[in-house]
$ cat target.txt   # compact mmCIF, C-alpha atoms
# COMPACT_ATOMS: atom_id res chain seq x y z
CA MET L 1 22.21 24.28 -85.48
CA ALA L 2 18.53 24.90 -84.76
CA GLU L 3 16.45 22.02 -83.44
CA ALA L 4 13.96 20.55 -85.89
CA PRO L 5 10.38 21.47 -84.95
CA ARG L 6 8.57 18.75 -83.07
CA THR L 7 5.73 17.01 -84.85
CA SER L 8 2.40 16.02 -83.36
CA GLU L 9 2.30 12.87 -81.26
CA ALA L 10 -0.44 10.88 -79.53
CA ARG L 11 0.23 9.31 -76.14
CA ARG L 12 -1.89 7.12 -73.89
CA ASP L 13 -1.91 7.68 -70.15
CA ALA L 14 -1.35 4.58 -67.98
CA VAL L 15 -3.34 5.90 -65.00
CA PHE L 16 -6.51 7.41 -66.44
CA GLY L 17 -6.37 5.53 -69.75
CA ARG L 18 -6.84 8.70 -71.81
CA TRP L 19 -5.31 9.46 -75.18
CA VAL L 20 -3.68 12.88 -75.50
CA VAL L 21 -2.65 14.57 -78.74
CA PHE L 22 0.45 16.75 -78.39
CA SER L 23 0.31 19.45 -81.04
CA PRO L 24 3.00 22.12 -80.54
CA ALA L 25 1.87 23.85 -83.75
CA ARG L 26 -1.22 25.04 -81.84
CA SER L 27 0.84 27.24 -79.53
CA ARG L 28 3.75 29.61 -79.53
CA ARG L 29 6.92 28.67 -77.66
CA PRO L 30 6.11 26.84 -74.40
CA THR L 31 7.70 29.65 -72.40
CA ASP L 32 5.24 32.12 -73.95
CA LEU L 33 2.20 30.25 -72.67
CA LYS L 34 0.62 32.40 -69.95
CA SER L 35 -2.73 32.74 -68.29
CA HIS L 36 -4.94 35.35 -69.94
CA ASN L 37 -7.20 35.30 -66.92
CA PRO L 38 -4.85 35.63 -63.94
CA THR L 39 -6.41 35.41 -60.51
CA ALA L 40 -6.50 38.67 -58.61
CA ASN L 41 -3.59 38.95 -56.22
CA PRO L 42 -5.25 39.62 -52.84
CA SER L 43 -1.97 40.83 -51.35
CA SER L 44 -1.74 43.88 -53.60
CA GLY L 45 -2.97 47.31 -52.72
CA PRO L 46 -3.18 49.30 -49.50
CA GLY L 47 -4.89 47.63 -46.57
CA ALA L 48 -5.00 44.28 -48.34
CA ASP L 49 -4.30 42.44 -45.10
CA ALA L 50 -7.50 43.75 -43.52
CA PRO L 51 -10.58 41.49 -43.43
CA LYS L 52 -12.84 42.06 -46.43
CA PRO L 53 -16.31 43.42 -45.54
CA SER L 54 -18.03 40.69 -47.56
CA CYS L 55 -15.81 37.71 -46.67
CA PRO L 56 -17.17 35.33 -44.01
CA PHE L 57 -13.95 33.28 -44.10
CA CYS L 58 -11.90 36.06 -42.50
CA ALA L 59 -11.05 35.95 -38.80
CA GLY L 60 -13.71 37.59 -36.67
CA ARG L 61 -16.61 36.63 -38.94
CA GLU L 62 -16.96 33.00 -37.93
CA SER L 63 -20.63 33.43 -36.98
CA GLU L 64 -21.49 34.06 -40.64
CA CYS L 65 -20.25 30.62 -41.69
CA ALA L 66 -21.90 27.22 -41.59
CA PRO L 67 -21.19 25.14 -38.45
CA GLN L 68 -17.58 24.39 -37.60
CA ILE L 69 -16.41 20.76 -37.58
CA PHE L 70 -12.98 21.38 -36.06
CA ARG L 71 -10.25 23.98 -35.95
CA VAL L 72 -6.45 24.14 -35.70
CA PRO L 73 -5.38 24.60 -32.99
CA PRO L 74 -8.36 23.03 -31.16
CA ASP L 75 -8.07 25.37 -28.15
CA ASP L 76 -10.71 28.11 -28.54
CA ALA L 77 -8.60 30.38 -26.36
CA LEU L 78 -5.99 30.58 -29.13
CA PRO L 79 -6.41 32.24 -32.55
CA TRP L 80 -7.32 29.71 -35.21
CA ARG L 81 -5.04 28.99 -38.18
CA ILE L 82 -7.29 26.51 -40.04
CA ARG L 83 -11.03 25.91 -39.82
CA VAL L 84 -12.92 22.93 -41.24
CA ILE L 85 -16.58 23.82 -41.62
CA GLN L 86 -19.70 22.56 -43.31
CA ASN L 87 -20.41 24.05 -46.72
CA LEU L 88 -23.21 26.60 -46.48
CA TYR L 89 -24.46 25.56 -49.94
CA PRO L 90 -23.72 21.82 -50.04
CA ALA L 91 -23.92 19.75 -53.21
CA LEU L 92 -24.79 16.74 -51.03
CA ARG L 93 -26.64 16.87 -47.70
CA ARG L 94 -25.64 15.17 -44.47
CA ASP L 95 -29.07 15.63 -42.86
CA ILE L 96 -30.99 13.16 -45.04
CA GLU L 97 -31.20 9.39 -45.01
CA PRO L 98 -28.38 7.66 -46.92
CA PRO L 99 -29.41 5.60 -49.96
CA PRO L 100 -29.55 1.83 -49.48
CA ALA L 101 -26.29 0.03 -50.18
CA PRO L 102 -26.25 -2.13 -53.34
CA GLU L 103 -26.48 -5.86 -52.83
CA PRO L 104 -23.01 -7.45 -52.69
CA GLU L 105 -21.94 -10.08 -55.16
CA VAL L 106 -19.18 -12.60 -54.61
CA VAL L 107 -16.12 -12.06 -56.83
CA ASP L 108 -13.05 -14.28 -56.42
CA GLY L 109 -14.33 -15.40 -53.03
CA GLU L 110 -14.82 -11.83 -51.73
CA ALA L 111 -18.00 -9.79 -51.43
CA GLU L 112 -18.04 -6.68 -53.59
CA ALA L 113 -20.80 -4.16 -54.23
CA GLU L 114 -22.44 -4.55 -57.62
CA GLU L 115 -23.31 -1.40 -59.55
CA GLN L 116 -26.53 -2.09 -61.46
CA PRO L 117 -26.55 -0.91 -65.09
CA GLY L 118 -29.04 1.60 -66.42
CA GLU L 119 -30.50 4.80 -65.02
CA ARG L 120 -30.83 5.16 -61.29
CA ALA L 121 -31.71 7.94 -58.86
CA VAL L 122 -30.87 7.96 -55.15
CA ARG L 123 -31.18 10.51 -52.37
CA GLY L 124 -28.51 13.22 -52.49
CA PHE L 125 -26.86 12.19 -49.24
CA GLY L 126 -23.24 12.99 -48.54
CA PHE L 127 -20.85 15.40 -46.87
CA HIS L 128 -19.62 18.66 -48.37
CA ASP L 129 -17.03 20.48 -46.25
CA VAL L 130 -14.79 23.53 -46.61
CA VAL L 131 -11.23 23.88 -45.31
CA ILE L 132 -10.37 27.54 -44.64
CA GLU L 133 -6.60 27.45 -45.01
CA THR L 134 -5.77 30.75 -43.30
CA PRO L 135 -7.59 33.44 -41.29
CA ARG L 136 -6.07 36.15 -43.51
CA HIS L 137 -7.69 37.28 -46.73
CA ASP L 138 -4.37 38.34 -48.27
CA VAL L 139 -2.59 34.98 -47.90
CA ARG L 140 -2.66 32.24 -50.52
CA LEU L 141 -1.83 28.60 -49.80
CA TRP L 142 1.69 28.92 -51.24
CA ASP L 143 2.33 32.06 -49.16
CA LEU L 144 2.25 29.87 -46.05
CA GLY L 145 5.44 28.27 -44.82
CA ALA L 146 5.98 24.56 -45.42
CA GLU L 147 4.68 23.92 -41.89
CA GLY L 148 1.50 25.84 -42.67
CA VAL L 149 0.85 23.82 -45.83
CA ARG L 150 1.63 20.66 -43.84
CA ASP L 151 -1.07 21.58 -41.32
CA VAL L 152 -3.61 22.07 -44.11
CA LEU L 153 -2.75 18.63 -45.51
CA LEU L 154 -3.05 17.08 -42.05
CA ALA L 155 -6.45 18.76 -41.64
CA TYR L 156 -7.57 17.15 -44.91
CA ALA L 157 -6.37 13.76 -43.68
CA ALA L 158 -8.02 14.14 -40.27
CA ARG L 159 -11.38 14.99 -41.83
CA VAL L 160 -11.13 12.13 -44.34
CA ARG L 161 -10.50 9.75 -41.42
CA GLN L 162 -13.63 11.09 -39.71
CA LEU L 163 -15.74 10.59 -42.83
CA ARG L 164 -14.35 7.08 -43.29
CA GLU L 165 -16.14 6.11 -40.06
CA HIS L 166 -19.56 6.77 -41.63
CA PRO L 167 -20.77 3.46 -43.08
CA ALA L 168 -22.47 5.11 -46.08
CA VAL L 169 -19.42 7.09 -47.27
CA LYS L 170 -17.50 5.20 -49.96
CA TYR L 171 -15.10 7.88 -51.22
CA VAL L 172 -13.88 11.37 -50.29
CA GLN L 173 -12.69 13.75 -52.97
CA VAL L 174 -10.36 16.48 -51.68
CA PHE L 175 -9.88 19.39 -54.06
CA LYS L 176 -8.95 23.06 -54.35
CA ASN L 177 -10.30 25.57 -56.87
CA HIS L 178 -8.21 28.72 -57.24
CA GLY L 179 -9.70 31.53 -59.29
CA ALA L 180 -13.24 32.14 -60.49
CA SER L 181 -12.72 30.42 -63.86
CA ALA L 182 -11.47 27.33 -61.98
CA GLY L 183 -14.67 27.19 -59.95
CA ALA L 184 -13.80 29.21 -56.83
CA SER L 185 -16.74 31.26 -55.58
CA MET L 186 -14.69 32.84 -52.76
CA ALA L 187 -11.34 34.64 -53.15
CA HIS L 188 -10.26 33.75 -49.60
CA SER L 189 -7.90 30.75 -49.78
CA HIS L 190 -9.81 27.55 -49.12
CA SER L 191 -10.30 24.01 -50.33
CA GLN L 192 -13.15 21.53 -50.20
CA MET L 193 -14.01 17.87 -49.87
CA LEU L 194 -17.05 15.80 -50.76
CA GLY L 195 -17.83 12.45 -49.19
CA THR L 196 -20.03 10.41 -51.51
CA PRO L 197 -22.19 7.31 -50.92
CA PHE L 198 -20.83 5.82 -54.15
CA VAL L 199 -17.44 5.44 -55.80
CA PRO L 200 -17.30 8.05 -58.61
CA PRO L 201 -16.95 6.54 -62.10
CA SER L 202 -13.64 8.31 -62.80
CA VAL L 203 -12.18 6.67 -59.68
CA THR L 204 -13.38 3.25 -60.82
CA SER L 205 -11.98 3.90 -64.29
CA ARG L 206 -8.62 5.00 -62.85
CA LEU L 207 -8.32 1.88 -60.71
CA ASN L 208 -9.35 -0.39 -63.59
CA CYS L 209 -6.70 1.20 -65.81
CA MET L 210 -4.03 0.79 -63.11
CA LYS L 211 -5.16 -2.81 -62.60
CA GLY L 212 -4.71 -3.50 -66.32
CA PHE L 213 -1.13 -2.21 -66.16
CA PHE L 214 -0.47 -4.29 -63.03
CA ASP L 215 -1.92 -7.45 -64.59
CA ARG L 216 0.33 -7.04 -67.65
CA SER L 217 3.54 -6.00 -65.90
CA GLY L 218 3.24 -7.05 -62.26
CA ASN L 219 4.04 -3.45 -61.26
CA CYS L 220 2.20 -0.33 -60.14
CA SER L 221 1.98 2.19 -62.99
CA LEU L 222 2.99 5.10 -60.72
CA CYS L 223 5.87 3.22 -59.10
CA GLU L 224 7.20 2.52 -62.61
CA ILE L 225 7.62 6.21 -63.55
CA ARG L 226 11.38 6.71 -63.79
CA SER L 227 12.01 9.10 -66.69
CA LYS L 228 14.19 12.04 -65.67
CA ASP L 229 12.91 14.02 -68.66
CA ILE L 230 9.51 14.57 -67.01
CA LEU L 231 10.85 15.05 -63.46
CA ILE L 232 10.57 18.53 -61.96
CA SER L 233 11.74 17.90 -58.41
CA LYS L 234 12.36 15.07 -55.98
CA THR L 235 12.27 15.11 -52.17
CA PRO L 236 12.89 12.34 -49.63
CA TYR L 237 9.29 11.13 -49.90
CA PHE L 238 7.76 12.56 -53.10
CA SER L 239 8.40 13.21 -56.79
CA ALA L 240 6.86 16.04 -58.81
CA ILE L 241 6.50 15.31 -62.51
CA VAL L 242 4.74 16.50 -65.63
CA PRO L 243 3.04 13.21 -66.58
CA PHE L 244 4.07 11.42 -69.78
CA ALA L 245 0.62 11.96 -71.29
CA ALA L 246 -0.39 15.18 -69.53
CA SER L 247 -3.92 16.16 -70.54
CA TYR L 248 -3.26 19.83 -69.80
CA PRO L 249 -0.28 22.12 -70.42
CA PHE L 250 1.98 22.36 -67.35
CA GLU L 251 -0.08 19.76 -65.47
CA ILE L 252 1.80 18.43 -62.42
CA TRP L 253 1.50 15.20 -60.46
CA ILE L 254 3.03 14.86 -56.99
CA ILE L 255 3.50 11.17 -56.25
CA PRO L 256 4.63 9.36 -53.08
CA GLN L 257 7.87 7.50 -53.83
CA GLN L 258 6.74 4.70 -51.51
CA HIS L 259 3.76 2.67 -52.71
CA LEU L 260 0.89 4.09 -50.61
CA SER L 261 -2.79 3.58 -51.35
CA TYR L 262 -4.53 5.99 -48.97
CA PHE L 263 -3.81 9.70 -48.63
CA HIS L 264 -5.47 9.87 -45.22
CA GLU L 265 -2.73 7.65 -43.72
CA ILE L 266 -0.09 10.36 -44.27
CA ASP L 267 2.10 11.09 -41.24
CA GLU L 268 3.59 14.40 -40.10
CA ALA L 269 7.00 13.88 -41.69
CA LYS L 270 5.53 13.05 -45.09
CA ALA L 271 2.98 15.87 -44.77
CA LEU L 272 5.79 18.36 -44.14
CA ASP L 273 7.74 17.05 -47.13
CA LEU L 274 4.62 17.21 -49.31
CA GLY L 275 3.77 20.66 -47.97
CA SER L 276 7.17 22.00 -48.97
CA LEU L 277 6.99 20.45 -52.45
CA LEU L 278 3.38 21.53 -53.06
CA LYS L 279 4.26 25.09 -52.04
CA THR L 280 7.19 25.11 -54.47
CA MET L 281 5.13 23.71 -57.36
CA LEU L 282 2.37 26.29 -56.85
CA GLN L 283 4.98 29.06 -56.70
CA LYS L 284 6.52 27.84 -59.96
CA LEU L 285 3.16 27.74 -61.73
CA SER L 286 2.26 31.19 -60.44
CA LYS L 287 5.56 32.69 -61.59
CA GLN L 288 5.79 30.94 -64.96
CA LEU L 289 2.14 31.18 -65.99
CA ASN L 290 1.11 34.60 -64.62
CA ASP L 291 -0.80 33.38 -61.54
CA PRO L 292 -3.25 31.15 -63.44
CA PRO L 293 -6.52 29.77 -62.14
CA PHE L 294 -5.96 26.14 -61.21
CA ASN L 295 -7.49 23.08 -59.63
CA PHE L 296 -5.78 20.46 -57.57
CA MET L 297 -7.23 17.11 -56.66
CA ILE L 298 -6.05 14.32 -54.38
CA HIS L 299 -6.67 10.97 -56.08
CA SER L 300 -6.91 8.40 -53.31
CA THR L 301 -8.44 4.94 -52.95
CA PRO L 302 -12.06 4.09 -52.05
CA PHE L 303 -12.67 2.93 -48.51
CA GLY L 304 -12.90 -0.80 -47.99
CA LEU L 305 -11.17 -1.75 -51.22
CA SER L 306 -10.16 -5.40 -51.27
CA SER L 307 -6.58 -5.98 -50.11
CA SER L 308 -5.93 -7.75 -53.41
CA CYS L 309 -6.39 -4.38 -55.18
CA LEU L 310 -3.95 -2.39 -53.05
CA PRO L 311 -0.76 -3.40 -54.98
CA TYR L 312 -1.88 -1.22 -57.90
CA ALA L 313 -3.78 1.50 -55.98
CA HIS L 314 -1.35 4.41 -55.44
CA TRP L 315 -2.54 7.86 -54.37
CA PHE L 316 -1.24 11.11 -55.87
CA LEU L 317 -1.99 14.82 -56.09
CA GLN L 318 -2.78 16.37 -59.49
CA ILE L 319 -2.45 20.11 -60.24
CA VAL L 320 -4.18 21.44 -63.37
CA PRO L 321 -3.56 25.07 -64.44
CA GLN L 322 -6.53 26.42 -66.38
CA LEU L 323 -4.87 27.84 -69.50
CA SER L 324 -7.35 26.88 -72.21
CA VAL L 325 -10.99 26.02 -72.76
CA ILE L 326 -12.15 22.45 -73.25
CA GLY L 327 -13.69 22.25 -76.72
CA GLY L 328 -15.94 19.98 -78.73
CA PHE L 329 -13.22 17.50 -79.65
CA GLU L 330 -12.33 16.89 -76.00
CA LEU L 331 -15.97 16.70 -74.92
CA GLY L 332 -16.94 14.43 -77.79
CA SER L 333 -13.96 12.09 -77.84
CA GLY L 334 -12.65 12.06 -74.28
CA CYS L 335 -9.21 12.81 -75.78
CA TYR L 336 -7.30 16.01 -75.04
CA ILE L 337 -5.12 18.29 -77.14
CA ASN L 338 -2.06 19.66 -75.34
CA PRO L 339 0.15 22.24 -77.09
CA VAL L 340 3.14 21.63 -74.77
CA PHE L 341 5.13 18.42 -74.65
CA PRO L 342 5.58 17.20 -71.04
CA GLU L 343 9.37 17.10 -71.40
CA ASP L 344 9.39 20.79 -72.39
CA ALA L 345 7.08 21.81 -69.55
CA ALA L 346 9.12 19.81 -67.02
CA LYS L 347 12.38 21.42 -68.18
CA ILE L 348 10.92 24.93 -67.88
CA LEU L 349 9.55 24.26 -64.38
CA ARG L 350 12.68 22.40 -63.27
CA GLU L 351 14.92 25.32 -64.21
CA LEU L 352 12.62 28.05 -62.85
CA ASP L 353 14.04 29.70 -59.74
CA CYS L 354 11.39 30.90 -57.28
CA SER L 355 13.82 32.02 -54.59
CA THR L 356 13.57 35.66 -55.68
$ encode --input "target.txt" --output "C-alpha cells"
Amino acid sequence: MAEAPRTSEARRDAVFGRWVVFSPARSRRPTDLKSHNPTANPSSGPGADAPKPSCPFCAGRESECAPQIFRVPPDDALPWRIRVIQNLYPALRRDIEPPPAPEPEVVDGEAEAEEQPGERAVRGFGFHDVVIETPRHDVRLWDLGAEGVRDVLLAYAARVRQLREHPAVKYVQVFKNHGASAGASMAHSHSQMLGTPFVPPSVTSRLNCMKGFFDRSGNCSLCEIRSKDILISKTPYFSAIVPFAASYPFEIWIIPQQHLSYFHEIDEAKALDLGSLLKTMLQKLSKQLNDPPFNFMIHSTPFGLSSSCLPYAHWFLQIVPQLSVIGGFELGSGCYINPVFPEDAAKILRELDCST
C-alpha cells in the first residue's frame, strides 16, 4: 500500500529560534533533488594535478600570497601540507586601532559588556585569515584522509587560540565556502576565519535561544537531541544529524556528544574522529547531490563568556548545501521553506554508501 503524501508542517528550531515550513509539494521526490550548479571537479582532465598558472595557493607560488602566519609542518625544510595566511583582501583589518570596548554593566553580580541600542559605527578592525588546506590544486577537503582533515581542524583551533589572546577579539567565525555560488573566489581548497571585535548578532541570538531552552528544561538543547529518525551517523565522540527544523534541504549538523562549549579546545583524538566524520558527510553530500556548492560554519562560543552561561553553550559544525535561492519570503519573514523533511534527508544520507 502506497504511503499517503506528507502534508506541509511548520517546525521551530531550538538552537537558532527560526521557524521552518516543510513543504514537500514544492519539490519532486527527495532523492531527485540535485544541484543544478555543481562545482567544477578539479581532479578531472589531463594534468589536473599540476599547479594552475593563476592559482597563488598552489605549492611553489607562496610569494604571491599575503604573509604567512604559520604552516604545517612548521619546519621550512619540509614540504608544507597546510598554510594559514593573512587574507590578501581582508574584510576587517588588523593594522588599525581597535574600537573602544563598550562600558561594562553589572548583571547578576558579574560585569558584562552592554551593547548600546541605535546606529553605531566603529573602525573596521579585526583579523581575516585563510587556511589553505592542501598544496595541491586537484585535492578537495574530503579527498584528504581522516588524518589530513584532522590536521586542518587542528590548524583552525590553533589559530583561534592565537586570536583569543588579542584583547579586542570577542569572537572568531571559522567557515568554508565551496563553489562560486557559495561565495568561494578561489577553486583551490581553502577555508577562512574572521576574528571580530564584537559578538555577531546571530551568535547572541543563538545563545539566547539556547538559554531559553535551558531555563525551561534544565538541559542543553543540543545534548537533548536523541531522535534516531534524524541521525545519519554516530562516532565515539560526535553525532551527525539532519536537524529537526533544518532551514535548508540536506543540511547537516555535526555535534560533540560530550557537552563542550569551545571548538578551539578540541584535542587530537576528537579532531581525528571529527575529521573522519566530516569527510564522510561531505562525500555523501557530493555523491547524493551532484557535488553541490556548500558552506560550513563552526558555531562556537564567544571568548570570556560567563561561566554561568556555559551549561547551555554547546559548539557544533553546520553544513549547508546550496540547492536553492533564498527568496522574498525568507528575506522578509526570517522563516525558511524546505522541500525535504529532515527524516527523509537523514534516511537517504544514512543509507548512502560512499565506499565505491
$ residues_around --input "target.txt" --residues "Ser355 of chain L" --least-positions-apart "4" --cutoff "10 Å" --atoms "only C-alpha atoms" --output "VMD selection string"
chain L and resid 280 283 to 284
$ closest_residue --input "target.txt" --among "L:Thr301, L:Asn219, L:Gln288, L:Ser54" --to "Ala187 of chain L" --atoms "only C-alpha atoms"
L:Ser54
$ atom_distance --input "target.txt" --atom1 "atom CA of Cys223 of chain L" --atom2 "atom CA of Arg150 of chain L"
23.6 Å
$ residues_around --input "target.txt" --residues "segment 71-83 of chain L" --least-positions-apart "2" --cutoff "8 Å" --atoms "only C-alpha atoms" --output "MDAnalysis selection string"
chainID L and resid 68:69 85 131:135 152 155
$ closest_residue --input "target.txt" --among "L:Pro321, L:Gly275, L:Pro339, L:Gly183" --to "Val149 of chain L" --atoms "only C-alpha atoms"
L:Gly275
$ atom_distance --input "target.txt" --atom1 "atom CA of Gln192 of chain L" --atom2 "atom CA of Phe175 of chain L"
5.5 Å
$ residues_near_point --input "target.txt" --point "(-22.1, 17.3, -51.5)" --cutoff "8 Å" --atoms "only C-alpha atoms" --output "list in words"
Pro90, Ala91, Leu92, Arg93, Gly124, Phe125, Gly126, Phe127, His128, Asp129, Leu194, Gly195 and Thr196 of chain L
$ closest_residue --input "target.txt" --among "L:Arg161, L:Lys211, L:Lys279, L:His314" --to "Glu147 of chain L" --atoms "all atoms listed in the file"
L:Lys279
$ residues_around --input "target.txt" --residues "Phe250 of chain L" --least-positions-apart "3" --cutoff "12 Å" --atoms "all atoms listed in the file" --output "PyMOL selection string"
chain L and resi 30-31+33-35+230+232+240-247+253+281-282+284-286+288-289+292+294+318-324+338-350
$ atom_distance --input "target.txt" --atom1 "atom CA of Pro98 of chain L" --atom2 "atom CA of Pro197 of chain L"
7.4 Å
$ residues_near_point --input "target.txt" --point "(-5.0, 12.1, -82.3)" --cutoff "8 Å" --atoms "only C-alpha atoms" --output "list in words"
Glu9, Ala10, Trp19, Val20, Val21 and Cys335 of chain L
$ residues_around --input "target.txt" --residues "Ala313 of chain L" --least-positions-apart "4" --cutoff "10 Å" --atoms "only C-alpha atoms" --output "list in words"
Arg206, Leu207, Asn208, Met210, Lys211, Phe214, Cys220, Ser221, Leu222, His259, Leu260, Ser261, Tyr262, His299, Ser300, Thr301, Pro302, Leu305, Ser307, Ser308 and Cys309 of chain L
$ write_last_selection --input "target.txt" --atoms "C-alpha atoms" --output "compact mmCIF listing (two decimals), in the coordinates of the input"
# COMPACT_ATOMS: atom_id res chain seq x y z
CA ARG L 206 -8.62 5.00 -62.85
CA LEU L 207 -8.32 1.88 -60.71
CA ASN L 208 -9.35 -0.39 -63.59
CA MET L 210 -4.03 0.79 -63.11
CA LYS L 211 -5.16 -2.81 -62.60
CA PHE L 214 -0.47 -4.29 -63.03
CA CYS L 220 2.20 -0.33 -60.14
CA SER L 221 1.98 2.19 -62.99
CA LEU L 222 2.99 5.10 -60.72
CA HIS L 259 3.76 2.67 -52.71
CA LEU L 260 0.89 4.09 -50.61
CA SER L 261 -2.79 3.58 -51.35
CA TYR L 262 -4.53 5.99 -48.97
CA HIS L 299 -6.67 10.97 -56.08
CA SER L 300 -6.91 8.40 -53.31
CA THR L 301 -8.44 4.94 -52.95
CA PRO L 302 -12.06 4.09 -52.05
CA LEU L 305 -11.17 -1.75 -51.22
CA SER L 307 -6.58 -5.98 -50.11
CA SER L 308 -5.93 -7.75 -53.41
CA CYS L 309 -6.39 -4.38 -55.18
$ closest_residue --input "target.txt" --among "L:His137, L:Lys234, L:His166, L:Arg11" --to "Gly60 of chain L" --atoms "only C-alpha atoms"
L:His137
$ build_atoms --input "target.txt" --residues "segment 169-184 of chain L" --atoms "N, CA and C atoms" --output "mmCIF file, in the coordinates of the input"
data_model
loop_
_atom_site.group_PDB
_atom_site.id
_atom_site.type_symbol
_atom_site.label_atom_id
_atom_site.label_comp_id
_atom_site.auth_asym_id
_atom_site.auth_seq_id
_atom_site.Cartn_x
_atom_site.Cartn_y
_atom_site.Cartn_z
ATOM 1 N N VAL L 169 -20.377 6.337 -46.446
ATOM 2 C CA VAL L 169 -19.420 7.090 -47.270
ATOM 3 C C VAL L 169 -18.424 6.110 -47.894
ATOM 4 N N LYS L 170 -18.373 6.126 -49.222
ATOM 5 C CA LYS L 170 -17.500 5.200 -49.960
ATOM 6 C C LYS L 170 -16.220 5.869 -50.453
ATOM 7 N N TYR L 171 -16.265 7.188 -50.664
ATOM 8 C CA TYR L 171 -15.100 7.880 -51.220
ATOM 9 C C TYR L 171 -15.149 9.339 -50.793
ATOM 10 N N VAL L 172 -13.975 9.933 -50.589
ATOM 11 C CA VAL L 172 -13.880 11.370 -50.290
ATOM 12 C C VAL L 172 -12.956 12.007 -51.309
ATOM 13 N N GLN L 173 -13.492 12.997 -52.016
ATOM 14 C CA GLN L 173 -12.690 13.750 -52.970
ATOM 15 C C GLN L 173 -12.247 15.063 -52.338
ATOM 16 N N VAL L 174 -10.946 15.229 -52.174
ATOM 17 C CA VAL L 174 -10.360 16.480 -51.680
ATOM 18 C C VAL L 174 -9.915 17.283 -52.886
ATOM 19 N N PHE L 175 -10.256 18.573 -52.920
ATOM 20 C CA PHE L 175 -9.880 19.390 -54.060
ATOM 21 C C PHE L 175 -9.790 20.862 -53.681
ATOM 22 N N LYS L 176 -9.059 21.615 -54.507
ATOM 23 C CA LYS L 176 -8.950 23.060 -54.350
ATOM 24 C C LYS L 176 -9.198 23.729 -55.689
ATOM 25 N N ASN L 177 -10.078 24.720 -55.711
ATOM 26 C CA ASN L 177 -10.300 25.570 -56.870
ATOM 27 C C ASN L 177 -9.716 26.938 -56.568
ATOM 28 N N HIS L 178 -8.825 27.405 -57.430
ATOM 29 C CA HIS L 178 -8.210 28.720 -57.240
ATOM 30 C C HIS L 178 -8.546 29.587 -58.441
ATOM 31 N N GLY L 179 -9.298 30.655 -58.200
ATOM 32 C CA GLY L 179 -9.700 31.530 -59.290
ATOM 33 C C GLY L 179 -11.122 31.232 -59.747
ATOM 34 N N ALA L 180 -11.837 32.294 -60.123
ATOM 35 C CA ALA L 180 -13.240 32.140 -60.490
ATOM 36 C C ALA L 180 -13.431 31.196 -61.673
ATOM 37 N N SER L 181 -12.548 31.275 -62.687
ATOM 38 C CA SER L 181 -12.720 30.420 -63.860
ATOM 39 C C SER L 181 -12.356 28.969 -63.572
ATOM 40 N N ALA L 182 -11.750 28.708 -62.408
ATOM 41 C CA ALA L 182 -11.470 27.330 -61.980
ATOM 42 C C ALA L 182 -12.536 26.826 -61.012
ATOM 43 N N GLY L 183 -13.553 27.638 -60.774
ATOM 44 C CA GLY L 183 -14.670 27.190 -59.950
ATOM 45 C C GLY L 183 -14.725 27.759 -58.553
ATOM 46 N N ALA L 184 -13.801 28.659 -58.187
ATOM 47 C CA ALA L 184 -13.800 29.210 -56.830
ATOM 48 C C ALA L 184 -14.831 30.336 -56.729
#
